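Some notes on the structure that comes next.
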Number of protein chains: 2
Amino acid sequence: MRIGILGTGVVGKTLGTKLAKLGHDVRMGSRAAGGESAKEWARITGTKSSEGTFADAAAHGEIVFNCTSGMASLEALRAAGAQNLQGKVLIDVSNPLDFSKGMPPTHSVCNTDSLGEQIQRAYPTAKVVKALNTVTAAVMVEPSLIPGVHTIFVCGNDAKAKAVVIDLLKTGFGWKEVMDLGDITGARAQEMYLSLWLRLFTKLKTPNVNIHVVF
Amino acid sequence: MRIGILGTGVVGKTLGTKLAKLGHDVRMGSRAAGGESAKEWARITGTKSSEGTFADAAAHGEIVFNCTSGMASLEALRAAGAQNLQGKVLIDVSNPLDFSKGMPPTHSVCNTDSLGEQIQRAYPTAKVVKALNTVTAAVMVEPSLIPGVHTIFVCGNDAKAKAVVIDLLKTGFGWKEVMDLGDITGARAQEMYLSLWLRLFTKLKTPNVNIHVVF
C-alpha cells in the first residue's frame with residue numbers, strides 16, 4: 001500500500017521503517033524536504049521508500065500517518081493540504097503536549113476537546129483514526145517489547161477506516177489486543193491518558209510501559 | 001483505628017462498611033447529620049459505627065477519607081474544619097468531574113492542577129494521599145471483582161502517610177499491586193485517567209474495569 005508519513009522524527013521513522021519492512025511503499029514528509037536524515041532513511045530503508053514535503057507525503061499516501069509533534073500538527077496538516085487528505089484514512093499518532101514550560105509537559109488541549117477532534121473538524125472528509133499515541137515509538141511497531149498482553153486503543157468516526165487500522169495494528173505490527181473506544185471524541189481519553197503514561201515512564205525509568213485493560 | 005469518612009454516598013458507604021468489617025471504628029459524616037440512610041448504615045454496620053456532620057467525622061478519624069463528590073469536596077472539607085484535619089492522613093478518593101453539562105462529565109480541574117493538589121494546598125498540614133479514585137466503589141474494597149492482577153495508584157507528599165495507605169490497601173482491601181506515583185502532583189495523572197475509565201465503562205458496559213500496568 002502507498003503510505004504517507006508526516007513527520008521525520010523518531011515516531012515517523014520508526015513507523016516508516018516498519019511499514020517499509022512490511023512491503024509498503026512509504027514516503028516520509030517534513031516541512032523542509034531533502035533533509036539529510038530523511039534522505040538517509042529513504043536510502044537505507046528500501047527502493048520503494050522516498051521523502052519529500054508534507055504535501056508530497058500526503059499526496060503519495062492512500063493512508064496518511066500524522067507523526068508530527070502535537071503542537072505543530074495542525075500547521076503540518078495545513079502544509080500537507082486538504083486536497084491531499086480528502087477521503088483518506090488519517091492515522092493521528094500525535095499528542096498535544098506542550099514542553100515549553102518544562103517537564104512534565106502539559107496538554108495544549110484536553111478535557112472538552114482533543115487534537116484528534118481538532119484534526120477531524122479541520123479535515124471533515126478525512127477519516128481520522130486516533131491510534132498508537134499511548135505507547136512509545138518502539139512499542140508501537142513491536143508490542144512484544146513489553147511482556148504479556150497489553151492494550152492499544154483506536155477511535156474514530158468511520159468504522160471502515162478503523163477496521164483498516166485495526167488490521168494493520170494486528171497483522172502488521174503484532175498487537176494482540178486492540179480496543180475500539182468509539183467515535184473520535186475518544187481521543188480525549190487517549191490523549192489525557194498521557195498524563196499517567198508520563199508519570200509511569202518517570203517512575204519506572206523505561207518508556208516501554210503500557211496498560212492492559214482488565215474487566 | 002478511628003476512621004472518619006466524609007460523604008455518605010455509595011463510595012463512602014462502601015468504604016465505611018468494609019472498614020467496619022475490618023474492625024475499625026468508623027464515623028461517617030455528611031452536610032446534614034442524622035439522615036435516615038446514614039443512621040441506618042450506622043445501625044446495621046456495627047456497634048462501633050456512627051454518623052454525624054463532616055466536622056464530627058473528621059474530628060473522630062485518625063485517618064480521614066474524602067468520599068464527597070469532587071465538585072463539592074473543598075466545601076465539604078471547609079465544613080469538616082482545618083483543625084479536625086491537622087496532621088492527619090487524608091485519603092482523597094474523589095474525582096473532580098462536572099456532570100452539570102451532561103454525559104460524559106468533564107473535569108472541573110485538570111492538566112496544570114488537580115483536586116488532590118488543591119486539597120493539599122488548602123490543608124497544608126494534612127497528609128493528603130490520592131488513592132482509589134481510579135476504580136468503582138465495589139472494586140476499591142474488593143479488587144478480586146476484576147480477575148487477575150491489576151493496579152491501584154497512590155500519590156502524596158508524605159512517605160509515612162503513603163505507607164499507611166498502602167498497607168491498608170494491601171492487607172485490608174486485598175490489593176496485590178499498589179503503585180506509588182510520587183508526590184501529590186501525581187493526582188493530575190490519577191484524575192485525568194478518569195477520562196479513559198469513563199470511556200471503558202461505557203464501552204465494556206461494566207464499572208468493574210481497571211488497568212494493569214505492564215513494563
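Ordered as shown in the C-alpha cells, chains take letters A, B, and onward, while each chain numbers its residues from 1 and ligands are numbered from 1 in the order shown.
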
Legend entry - Test item: residues at most 12 Å from A:Leu168, only C-alpha atoms, excluding those fewer than 3 positions along its chain, as an MDAnalysis selection string: chainID A and resid 1 3 15 18:19 22 24 63 91 131:132 140:141 154 161:165 171:176 178

Taking only C-alpha atoms into account, produce a table as a tab-separated table in which each residue of chain A with an atom at most 8 Å from an atom of chain B appears once, together with its shortest atom pair and the distance in Å to one decimal, ordered by chain and rising number.
residue	atom	partner	partner_atom	distance
A:Thr106	CA	B:Asn111	CA	5.9
A:His107	CA	B:Asn111	CA	6.3
A:Cys110	CA	B:Asn111	CA	7.8
A:Asn111	CA	B:Thr106	CA	5.9
A:Thr112	CA	B:Thr106	CA	6.5
A:Ile146	CA	B:Phe215	CA	5.3
A:Pro147	CA	B:Phe215	CA	6.8
A:Gly148	CA	B:Val214	CA	7.7
A:His150	CA	B:Val214	CA	7.2
A:Leu181	CA	B:Arg199	CA	6.6
A:Gly182	CA	B:Lys203	CA	7.7
A:Gly186	CA	B:Arg199	CA	7.1
A:Arg188	CA	B:Ser195	CA	7.1
A:Ala189	CA	B:Leu196	CA	4.4
A:Gln190	CA	B:Leu196	CA	6.7
A:Met192	CA	B:Met192	CA	5.8
A:Tyr193	CA	B:Tyr193	CA	5.2
A:Ser195	CA	B:Ala189	CA	4.8
A:Leu196	CA	B:Ala189	CA	4.4
A:Arg199	CA	B:Leu181	CA	6.6
A:Leu200	CA	B:Leu181	CA	7.2
A:Lys203	CA	B:Leu181	CA	6.7
A:Thr206	CA	B:Phe215	CA	7.8
A:Asn208	CA	B:Phe215	CA	5.7
A:Val209	CA	B:Phe215	CA	4.3
A:Asn210	CA	B:Val214	CA	5.5
A:Ile211	CA	B:Val213	CA	4.5
A:His212	CA	B:His212	CA	5.0
A:Val213	CA	B:Ile211	CA	4.5
A:Val214	CA	B:Asn210	CA	5.5
A:Phe215	CA	B:Val209	CA	4.3

Legend entry - Pick from A:Glu142, A:Ala126, A:Val135, A:Arg2, whichever lies nearest to A:Gly156 using only C-alpha atoms: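 Distance minimum relative to A:Gly156 lands on A:Ala126.
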
Inset, instruction - Any chance you could list, as a count of residues only, the residues in chain B that come up strand (DSSP E or B) when DSSP is run on the backbone? - result: 47

Inset, instruction - For A:His60, please output as a PyMOL selection string all residues within 10 Å (counting only C-alpha atoms; exclusion window: fewer than 3 positions along the same chain). - result: chain A and resi 2-5+25-29+50+52+54-57+63-64+84-85

Since we have the selection now, will you write its residues out, keeping N, CA and C atoms, as a short mmCIF file (atom, residue, chain, number, x, y, z; two decimals), in the first residue's frame?
data_model
loop_
_atom_site.label_atom_id
_atom_site.label_comp_id
_atom_site.auth_asym_id
_atom_site.auth_seq_id
_atom_site.Cartn_x
_atom_site.Cartn_y
_atom_site.Cartn_z
N ARG A 2 0.39 2.34 -0.58
CA ARG A 2 1.14 3.60 -0.53
C ARG A 2 0.81 4.32 0.78
N ILE A 3 1.83 4.61 1.53
CA ILE A 3 1.65 5.22 2.85
C ILE A 3 2.45 6.51 2.94
N GLY A 4 1.80 7.56 3.40
CA GLY A 4 2.47 8.83 3.65
C GLY A 4 2.65 9.05 5.13
N ILE A 5 3.82 9.49 5.51
CA ILE A 5 4.08 9.75 6.93
C ILE A 5 4.50 11.20 7.10
N ASP A 25 4.87 0.94 0.43
CA ASP A 25 5.55 1.97 -0.36
C ASP A 25 5.42 3.28 0.43
N VAL A 26 6.46 3.61 1.18
CA VAL A 26 6.37 4.66 2.18
C VAL A 26 7.06 5.95 1.73
N ARG A 27 6.36 7.06 1.86
CA ARG A 27 7.01 8.35 1.67
C ARG A 27 6.88 9.18 2.95
N MET A 28 8.04 9.59 3.46
CA MET A 28 8.07 10.43 4.66
C MET A 28 8.09 11.89 4.24
N GLY A 29 7.35 12.71 4.98
CA GLY A 29 7.31 14.13 4.65
C GLY A 29 7.71 15.00 5.82
N SER A 50 10.75 6.82 -0.02
CA SER A 50 11.11 8.14 -0.53
C SER A 50 10.79 9.20 0.52
N GLY A 52 9.97 13.69 1.05
CA GLY A 52 9.59 14.94 0.39
C GLY A 52 8.95 15.89 1.37
N PHE A 54 5.63 17.74 3.35
CA PHE A 54 4.38 17.22 3.93
C PHE A 54 3.37 16.95 2.81
N ALA A 55 3.29 17.87 1.84
CA ALA A 55 2.32 17.70 0.75
C ALA A 55 2.69 16.50 -0.12
N ASP A 56 3.98 16.32 -0.39
CA ASP A 56 4.43 15.14 -1.16
C ASP A 56 4.00 13.85 -0.48
N ALA A 57 4.24 13.79 0.82
CA ALA A 57 3.93 12.55 1.56
C ALA A 57 2.42 12.30 1.61
N ILE A 63 -3.01 5.84 2.79
CA ILE A 63 -3.15 6.06 4.24
C ILE A 63 -2.08 7.06 4.64
N VAL A 64 -2.46 7.99 5.51
CA VAL A 64 -1.51 9.01 5.97
C VAL A 64 -1.41 8.94 7.49
N ASN A 84 -4.96 16.77 -0.40
CA ASN A 84 -4.15 15.55 -0.30
C ASN A 84 -4.60 14.62 0.82
N LEU A 85 -5.55 15.09 1.61
CA LEU A 85 -6.06 14.28 2.72
C LEU A 85 -7.49 13.80 2.48
#

7 Å contact set for B:Thr45, only C-alpha atoms, chain neighbours under 2 positions out, as a PDB file with N, CA and C atoms, in the first residue's frame:
ATOM      1  N   THR B  17     -18.386   0.506  55.250  1.00  0.00           N
ATOM      2  CA  THR B  17     -18.816  -0.851  55.592  1.00  0.00           C
ATOM      3  C   THR B  17     -17.624  -1.797  55.656  1.00  0.00           C
ATOM      4  N   ALA B  20     -15.461  -1.020  58.702  1.00  0.00           N
ATOM      5  CA  ALA B  20     -16.120  -1.501  59.926  1.00  0.00           C
ATOM      6  C   ALA B  20     -15.960  -3.009  60.051  1.00  0.00           C
ATOM      7  N   TRP B  41     -27.204   3.023  58.092  1.00  0.00           N
ATOM      8  CA  TRP B  41     -25.868   2.451  57.874  1.00  0.00           C
ATOM      9  C   TRP B  41     -25.185   2.176  59.213  1.00  0.00           C
ATOM     10  N   ALA B  42     -25.197   3.174  60.093  1.00  0.00           N
ATOM     11  CA  ALA B  42     -24.520   3.033  61.384  1.00  0.00           C
ATOM     12  C   ALA B  42     -25.153   1.906  62.215  1.00  0.00           C
ATOM     13  N   ARG B  43     -26.466   1.800  62.120  1.00  0.00           N
ATOM     14  CA  ARG B  43     -27.191   0.807  62.917  1.00  0.00           C
ATOM     15  C   ARG B  43     -26.841  -0.615  62.484  1.00  0.00           C
ATOM     16  N   SER B  49     -19.885   1.754  64.834  1.00  0.00           N
ATOM     17  CA  SER B  49     -20.137   2.690  63.733  1.00  0.00           C
ATOM     18  C   SER B  49     -21.051   3.819  64.179  1.00  0.00           C
TER      19      SER B  49
END

Legend entry - DSSP helix (DSSP H, G or I) residues within stretch 27-90 of chain A, as a VMD selection string: chain A and resid 36 to 45 54 to 60 70 to 80 82 to 84

Store the residues of this selection in a file with C-alpha atoms, as an mmCIF file, in the first residue's frame.
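Saved the output as result-v2.cif:
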data_model
loop_
_atom_site.group_PDB
_atom_site.id
_atom_site.type_symbol
_atom_site.label_atom_id
_atom_site.label_comp_id
_atom_site.auth_asym_id
_atom_site.auth_seq_id
_atom_site.Cartn_x
_atom_site.Cartn_y
_atom_site.Cartn_z
ATOM 1 C CA GLU A 36 19.989 14.618 5.264
ATOM 2 C CA SER A 37 18.379 12.407 7.891
ATOM 3 C CA ALA A 38 15.240 11.797 5.819
ATOM 4 C CA LYS A 39 17.272 11.145 2.675
ATOM 5 C CA GLU A 40 19.441 8.698 4.597
ATOM 6 C CA TRP A 41 16.289 6.989 5.898
ATOM 7 C CA ALA A 42 14.901 6.612 2.361
ATOM 8 C CA ARG A 43 18.238 5.329 1.051
ATOM 9 C CA ILE A 44 18.720 2.591 3.637
ATOM 10 C CA THR A 45 15.092 1.576 4.089
ATOM 11 C CA PHE A 54 4.377 17.224 3.930
ATOM 12 C CA ALA A 55 2.322 17.704 0.747
ATOM 13 C CA ASP A 56 4.430 15.145 -1.165
ATOM 14 C CA ALA A 57 3.928 12.551 1.563
ATOM 15 C CA ALA A 58 0.202 13.202 1.948
ATOM 16 C CA ALA A 59 -0.386 13.134 -1.823
ATOM 17 C CA HIS A 60 1.505 9.834 -2.025
ATOM 18 C CA GLY A 70 1.160 17.631 18.646
ATOM 19 C CA MET A 71 1.771 21.359 18.974
ATOM 20 C CA ALA A 72 2.794 21.504 15.287
ATOM 21 C CA SER A 73 0.264 19.054 13.867
ATOM 22 C CA LEU A 74 -2.398 21.465 12.611
ATOM 23 C CA GLU A 75 0.225 23.570 10.858
ATOM 24 C CA ALA A 76 1.824 20.460 9.335
ATOM 25 C CA LEU A 77 -1.561 19.283 8.080
ATOM 26 C CA ARG A 78 -2.221 22.692 6.526
ATOM 27 C CA ALA A 79 1.083 22.323 4.698
ATOM 28 C CA ALA A 80 0.070 18.803 3.668
ATOM 29 C CA ALA A 82 -6.702 19.419 2.432
ATOM 30 C CA GLN A 83 -6.862 18.086 -1.141
ATOM 31 C CA ASN A 84 -4.146 15.551 -0.300
#

Legend entry - Selection: 9 Å around B:Ile119, only C-alpha atoms, excl. self and same-chain fewer than 2 positions, as a list in words: Ser73, Leu74, Leu77, Asp92, Ser114, Leu115, Gly116, Glu117, Arg121, Ala122, Tyr123, Pro124, Ala126 and Val128 of chain B

Next, the residues of the selection above should be written as a PDB file, in the first residue's frame with N, CA and C atoms.
ATOM      1  N   SER B  73     -16.040  18.822  47.124  1.00  0.00           N
ATOM      2  CA  SER B  73     -15.054  18.399  48.123  1.00  0.00           C
ATOM      3  C   SER B  73     -14.480  19.553  48.934  1.00  0.00           C
ATOM      4  N   LEU B  74     -14.111  20.640  48.268  1.00  0.00           N
ATOM      5  CA  LEU B  74     -13.470  21.729  49.010  1.00  0.00           C
ATOM      6  C   LEU B  74     -14.443  22.336  50.016  1.00  0.00           C
ATOM      7  N   LEU B  77     -14.737  19.901  52.925  1.00  0.00           N
ATOM      8  CA  LEU B  77     -13.562  19.953  53.795  1.00  0.00           C
ATOM      9  C   LEU B  77     -13.562  21.218  54.647  1.00  0.00           C
ATOM     10  N   ASP B  92      -7.782  11.058  49.696  1.00  0.00           N
ATOM     11  CA  ASP B  92      -8.698  11.715  48.763  1.00  0.00           C
ATOM     12  C   ASP B  92      -9.088  10.744  47.647  1.00  0.00           C
ATOM     13  N   SER B 114      -4.842  19.826  40.039  1.00  0.00           N
ATOM     14  CA  SER B 114      -5.729  18.694  40.309  1.00  0.00           C
ATOM     15  C   SER B 114      -6.449  18.952  41.619  1.00  0.00           C
ATOM     16  N   LEU B 115      -7.499  18.212  41.843  1.00  0.00           N
ATOM     17  CA  LEU B 115      -8.225  18.345  43.104  1.00  0.00           C
ATOM     18  C   LEU B 115      -7.349  17.909  44.274  1.00  0.00           C
ATOM     19  N   GLY B 116      -6.585  16.847  44.069  1.00  0.00           N
ATOM     20  CA  GLY B 116      -5.685  16.397  45.135  1.00  0.00           C
ATOM     21  C   GLY B 116      -4.731  17.505  45.574  1.00  0.00           C
ATOM     22  N   GLU B 117      -4.184  18.215  44.601  1.00  0.00           N
ATOM     23  CA  GLU B 117      -3.267  19.319  44.924  1.00  0.00           C
ATOM     24  C   GLU B 117      -4.003  20.485  45.574  1.00  0.00           C
ATOM     25  N   ARG B 121      -3.028  21.993  49.138  1.00  0.00           N
ATOM     26  CA  ARG B 121      -2.697  23.410  49.339  1.00  0.00           C
ATOM     27  C   ARG B 121      -3.619  24.045  50.384  1.00  0.00           C
ATOM     28  N   ALA B 122      -4.893  23.658  50.376  1.00  0.00           N
ATOM     29  CA  ALA B 122      -5.855  24.251  51.307  1.00  0.00           C
ATOM     30  C   ALA B 122      -5.611  23.785  52.751  1.00  0.00           C
ATOM     31  N   TYR B 123      -5.066  22.567  52.896  1.00  0.00           N
ATOM     32  CA  TYR B 123      -4.817  21.990  54.235  1.00  0.00           C
ATOM     33  C   TYR B 123      -3.373  21.515  54.295  1.00  0.00           C
ATOM     34  N   PRO B 124      -2.435  22.455  54.386  1.00  0.00           N
ATOM     35  CA  PRO B 124      -1.015  22.120  54.235  1.00  0.00           C
ATOM     36  C   PRO B 124      -0.485  21.163  55.298  1.00  0.00           C
ATOM     37  N   ALA B 126      -2.287  18.691  56.606  1.00  0.00           N
ATOM     38  CA  ALA B 126      -2.857  17.357  56.371  1.00  0.00           C
ATOM     39  C   ALA B 126      -1.922  16.600  55.437  1.00  0.00           C
ATOM     40  N   VAL B 128      -2.138  14.527  52.607  1.00  0.00           N
ATOM     41  CA  VAL B 128      -3.089  14.095  51.579  1.00  0.00           C
ATOM     42  C   VAL B 128      -2.475  12.960  50.755  1.00  0.00           C
TER      43      VAL B 128
END

Legend entry - Distance in Å - atom CA of A:Asn133 versus atom CA of B:Asn133: 24.0 Å

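Proximity to B:Cys155 was assessed for B:Lys48, B:Lys127, B:Lys13, B:Lys170 counting only C-alpha atoms; the smallest distance is recorded for B:Lys127.
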
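The coordinates place atom CA of A:Asn95 at 13.6 Å from atom CA of A:Gly9.
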
Legend entry - Pairwise distance for atom CA of B:Gly35 and atom CA of B:Ser94, rounded to one decimal in Å: 21.5 Å
